[in-house]
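**Q** Just dropping this structure here.
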Amino acid sequence: MDSNREELLKQLSALDFTVIELNLYLNTHPRDRNALMKYNTAVEQSKMLRMEYERRYGPLTAYYSTSSYPWQWICNPWPWHYSFNFRLAGEEC
Amino acid sequence: MWIYEKKLEYPVKIKTPNPKMAKVVITQYGGPDGELAASLRYLSQRFSMVTPEARATLNDIGTEELAHLEMIGTMVYQLVKGASIDEIKAAGLDPYYADHDRGVYPISAAGNPFTAAYIQSKGNPIVDLYENMAAEQKARATYEWLLNLADDPDVIDPLKFLREREVVHFQRFGEALRIVQDYLDSRRQFTMPKPKGME
């Protein structure tokens, strides 16, 4: 397993989780400027990491992502495969 | 519409197969307080929801529940993958095996197939938001009972994440309910105001 890939996926997952959490919070607090700023920052950071991840390890979507030849979307691993994921168990949150 | 992203919301990496655990975790896939029911409930209710805040809350939590459904499916898949027939028998998973082999099928822990009867979409925003707050609490409790049954850190870790999400969703639905109540209580004038001097 490529440890660089795991590390990048971990950072991307953390950022995307921040985005999801702020998304839900902003839905009921649309005028919280501080949260909005954090949301915008996290989205920009996530975009950059996503580009980096896709450039190295292939498309994350079959919609926004381009693919090298041959069509990379069908390549393993898929998210439900053991080898796809990094391990967080035992780490401090 | 939806766009699939090829990653989990939170990682699931279970090294040791455990069909006994799969047999109970599956209840959050297709059981009464599971993720499929949650997603279907919120995504159906959003059509008749009022206020921008509450509509977005249903839409986005309903979407996140699909990501949770995928995590639970992944847990079941990894828990039964590589389990021997003897282990499956010992776990009492042989009736499931007879119908589904090691495939993932939406049932409850007791084996009842998924049904839309688990959810409600009442067309009334107050009724629906109360239902959702109850649903999040029921799901939180289910995750706690599953945590009581788990001893593998690889299983405990994603279950704890999912339990925490129920707590956050409950909070967001509570806020949405308050916003909707304020909206429904506010005086809304539907008539043309009279011109000056004619009040």
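In the structure tokens, chains take the letters A, B, ... in the order shown, each chain's residues start at 1, and ligands count up from 1 in the order shown.
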Need the shell around A:Tyr57: protein/DNA/RNA residues with any atom at most 12 Å away, counting only C-alpha atoms. Skip same-chain ones fewer than 5 positions apart. Format as a list in words?

**A**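 With the cut-off at 12 Å, the set is Asp2, Asn4, Arg5, Glu6, Leu8, Leu9, Leu49, Arg50, Met51, Glu52, Ser65, Thr66, Ser67, Ser68, Gln72, Trp73, Cys75, Asn76, Pro77 and Phe84 of chain A; Lys6 of chain B.
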
**Q** Would you save the residues of that selection, restricted to C-alpha atoms, as a short mmCIF file (atom, residue, chain, number, x, y, z; two decimals), in the first residue's frame?

**A**
```cif
data_model
loop_
_atom_site.label_atom_id
_atom_site.label_comp_id
_atom_site.auth_asym_id
_atom_site.auth_seq_id
_atom_site.Cartn_x
_atom_site.Cartn_y
_atom_site.Cartn_z
CA ASP A 2 1.27 3.41 -1.00
CA ASN A 4 1.80 8.67 0.33
CA ARG A 5 -1.61 7.89 -1.09
CA GLU A 6 -2.92 7.01 2.36
CA LEU A 8 -3.06 12.36 1.04
CA LEU A 9 -6.41 10.58 1.32
CA LEU A 49 -5.72 18.51 -2.44
CA ARG A 50 -8.36 16.86 -4.63
CA MET A 51 -6.49 17.95 -7.77
CA GLU A 52 -3.25 16.63 -6.35
CA SER A 65 -12.54 14.43 -13.12
CA THR A 66 -10.60 13.85 -16.31
CA SER A 67 -8.90 10.51 -16.94
CA SER A 68 -5.67 9.36 -18.54
CA GLN A 72 -9.14 5.07 -15.06
CA TRP A 73 -12.47 5.24 -13.24
CA CYS A 75 -9.63 0.73 -11.58
CA ASN A 76 -9.40 -0.91 -8.16
CA PRO A 77 -9.44 -0.30 -5.29
CA PHE A 84 -8.43 1.50 -0.26
CA LYS B 6 -14.84 7.38 -4.90
#
```

**Q** With only C-alpha atoms as the counted atoms, please give the residues lying no more than 10 Å from B:Val168, apart from itself and same-chain residues fewer than 6 positions off, as a tab-separated table (two decimals) with N, CA and C atoms, in the first residue's frame.

**A**
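Resulting contents of selection-v9.tsv:
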```tsv
chain	number	residue	atom	x	y	z
A	21	GLU	N	-19.35	19.30	7.76
A	21	GLU	CA	-19.80	19.78	9.07
A	21	GLU	C	-20.19	21.26	9.01
A	24	LEU	N	-23.55	21.75	7.09
A	24	LEU	CA	-24.74	21.51	7.90
A	24	LEU	C	-24.96	22.65	8.91
A	25	TYR	N	-23.88	23.11	9.51
A	25	TYR	CA	-23.99	24.19	10.49
A	25	TYR	C	-24.51	25.47	9.83
B	136	GLU	N	-32.97	10.26	14.83
B	136	GLU	CA	-31.54	10.43	15.14
B	136	GLU	C	-31.21	9.85	16.51
B	174	GLY	N	-33.00	19.97	15.44
B	174	GLY	CA	-33.58	20.79	16.51
B	174	GLY	C	-33.57	22.27	16.14
```

**Q** Please, which residues of stretch 15-148 of chain B, numbered as in this document, come out helix (DSSP H, G or I) from DSSP, as JSON, numbers by chain?

**A** {"B": [19, 20, 21, 22, 23, 24, 25, 27, 28, 29, 30, 35, 36, 37, 38, 39, 40, 41, 42, 43, 44, 45, 46, 47, 48, 52, 53, 54, 55, 56, 57, 58, 59, 60, 61, 62, 63, 64, 65, 66, 67, 68, 69, 70, 71, 72, 73, 74, 75, 76, 77, 78, 79, 80, 85, 86, 87, 88, 89, 90, 94, 95, 96, 97, 98, 99, 100, 116, 117, 118, 125, 126, 127, 128, 129, 130, 131, 132, 133, 134, 135, 136, 137, 138, 139, 140, 141, 142, 143, 144, 145, 146, 147, 148]}

**Q** Would you save the residues from that selection as a compact mmCIF listing (two decimals), in the first residue's frame, using C-alpha atoms?

**A**
```
# COMPACT_ATOMS: atom_id res chain seq x y z
CA PRO B 19 -19.58 -12.75 10.86
CA LYS B 20 -21.21 -12.50 14.28
CA MET B 21 -20.59 -8.74 14.26
CA ALA B 22 -21.74 -8.49 10.63
CA LYS B 23 -25.04 -10.05 11.68
CA VAL B 24 -25.82 -7.15 14.01
CA VAL B 25 -24.06 -4.25 12.21
CA THR B 27 -29.19 -3.56 11.07
CA GLN B 28 -27.81 -0.07 10.36
CA TYR B 29 -27.89 -0.97 6.66
CA GLY B 30 -31.47 -2.18 6.31
CA GLU B 35 -28.99 4.61 7.36
CA LEU B 36 -31.12 3.59 4.37
CA ALA B 37 -34.29 4.50 6.27
CA ALA B 38 -32.71 7.78 7.40
CA SER B 39 -31.69 8.81 3.91
CA LEU B 40 -35.01 7.86 2.34
CA ARG B 41 -36.92 9.64 5.10
CA TYR B 42 -35.13 13.00 4.78
CA LEU B 43 -34.81 12.99 1.00
CA SER B 44 -38.56 12.28 0.70
CA GLN B 45 -39.62 14.83 3.31
CA ARG B 46 -37.63 17.69 1.76
CA PHE B 47 -40.16 18.20 -1.05
CA SER B 48 -42.82 19.51 1.34
CA PRO B 52 -34.70 27.63 3.25
CA GLU B 53 -32.81 26.46 6.35
CA ALA B 54 -34.94 23.36 6.97
CA ARG B 55 -35.10 22.37 3.28
CA ALA B 56 -31.30 22.49 2.98
CA THR B 57 -30.93 20.59 6.27
CA LEU B 58 -33.10 17.71 4.99
CA ASN B 59 -31.37 17.68 1.61
CA ASP B 60 -27.85 17.62 2.99
CA ILE B 61 -28.36 15.29 5.96
CA GLY B 62 -30.27 12.93 3.62
CA THR B 63 -27.22 12.99 1.38
CA GLU B 64 -24.77 12.38 4.23
CA GLU B 65 -26.84 9.35 5.27
CA LEU B 66 -26.06 7.78 1.90
CA ALA B 67 -22.38 8.11 2.73
CA HIS B 68 -23.11 6.39 6.07
CA LEU B 69 -25.01 3.63 4.27
CA GLU B 70 -21.87 3.05 2.23
CA MET B 71 -19.73 2.89 5.38
CA ILE B 72 -22.05 0.31 6.97
CA GLY B 73 -22.16 -1.73 3.75
CA THR B 74 -18.37 -1.63 3.75
CA MET B 75 -18.26 -2.84 7.36
CA VAL B 76 -20.57 -5.78 6.61
CA TYR B 77 -18.59 -6.62 3.46
CA GLN B 78 -15.26 -6.59 5.28
CA LEU B 79 -16.65 -8.48 8.30
CA VAL B 80 -17.84 -11.43 6.18
CA ILE B 85 -18.27 -21.60 6.29
CA ASP B 86 -17.60 -22.94 9.79
CA GLU B 87 -17.26 -19.40 11.15
CA ILE B 88 -20.45 -18.36 9.35
CA LYS B 89 -22.28 -21.35 10.86
CA ALA B 90 -20.92 -20.68 14.32
CA ASP B 94 -25.99 -19.51 7.85
CA PRO B 95 -29.63 -18.52 7.09
CA TYR B 96 -28.33 -15.26 5.62
CA TYR B 97 -25.65 -17.14 3.71
CA ALA B 98 -28.29 -19.41 2.19
CA ASP B 99 -29.99 -16.43 0.58
CA HIS B 100 -27.12 -13.99 -0.03
CA ALA B 116 -40.55 1.81 3.76
CA ALA B 117 -42.85 1.23 6.75
CA TYR B 118 -39.82 2.21 8.88
CA PRO B 125 -43.01 20.27 8.52
CA ILE B 126 -43.42 20.14 12.32
CA VAL B 127 -44.45 16.48 12.30
CA ASP B 128 -41.57 15.52 10.01
CA LEU B 129 -38.89 17.37 12.00
CA TYR B 130 -40.05 15.77 15.27
CA GLU B 131 -39.92 12.38 13.53
CA ASN B 132 -36.36 13.11 12.43
CA MET B 133 -35.17 14.14 15.87
CA ALA B 134 -36.59 10.88 17.25
CA ALA B 135 -34.97 8.96 14.37
CA GLU B 136 -31.54 10.43 15.14
CA GLN B 137 -31.88 9.47 18.81
CA LYS B 138 -32.96 5.93 17.89
CA ALA B 139 -29.98 5.58 15.57
CA ARG B 140 -27.64 6.94 18.26
CA ALA B 141 -28.98 4.35 20.72
CA THR B 142 -28.53 1.58 18.12
CA TYR B 143 -24.90 2.58 17.63
CA GLU B 144 -24.40 2.43 21.39
CA TRP B 145 -25.88 -1.08 21.59
CA LEU B 146 -23.62 -2.09 18.66
CA LEU B 147 -20.63 -0.60 20.47
CA ASN B 148 -21.57 -2.72 23.51
```

**Q** I'd like the interatomic distance between atom CA of B:Asn18 and atom CA of B:Pro32, to a tenth of an Å.

**A**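 Value for the atom CA of B:Asn18-atom CA of B:Pro32 distance: 22.6 Å.
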
**Q** Find the residues of chain A in contact range of chain B, meaning any atom within 12 Å when counting only C-alpha atoms, and list them as number ranges by chain.

**A** A: 6, 9-31, 50, 53-54, 57-65, 72-93

**Q** Report, in Å with one decimal, the straight-line distance from atom CA of A:Thr41 to atom CA of B:Glu164.

**A**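 Interatomic distance here is 24.1 Å.
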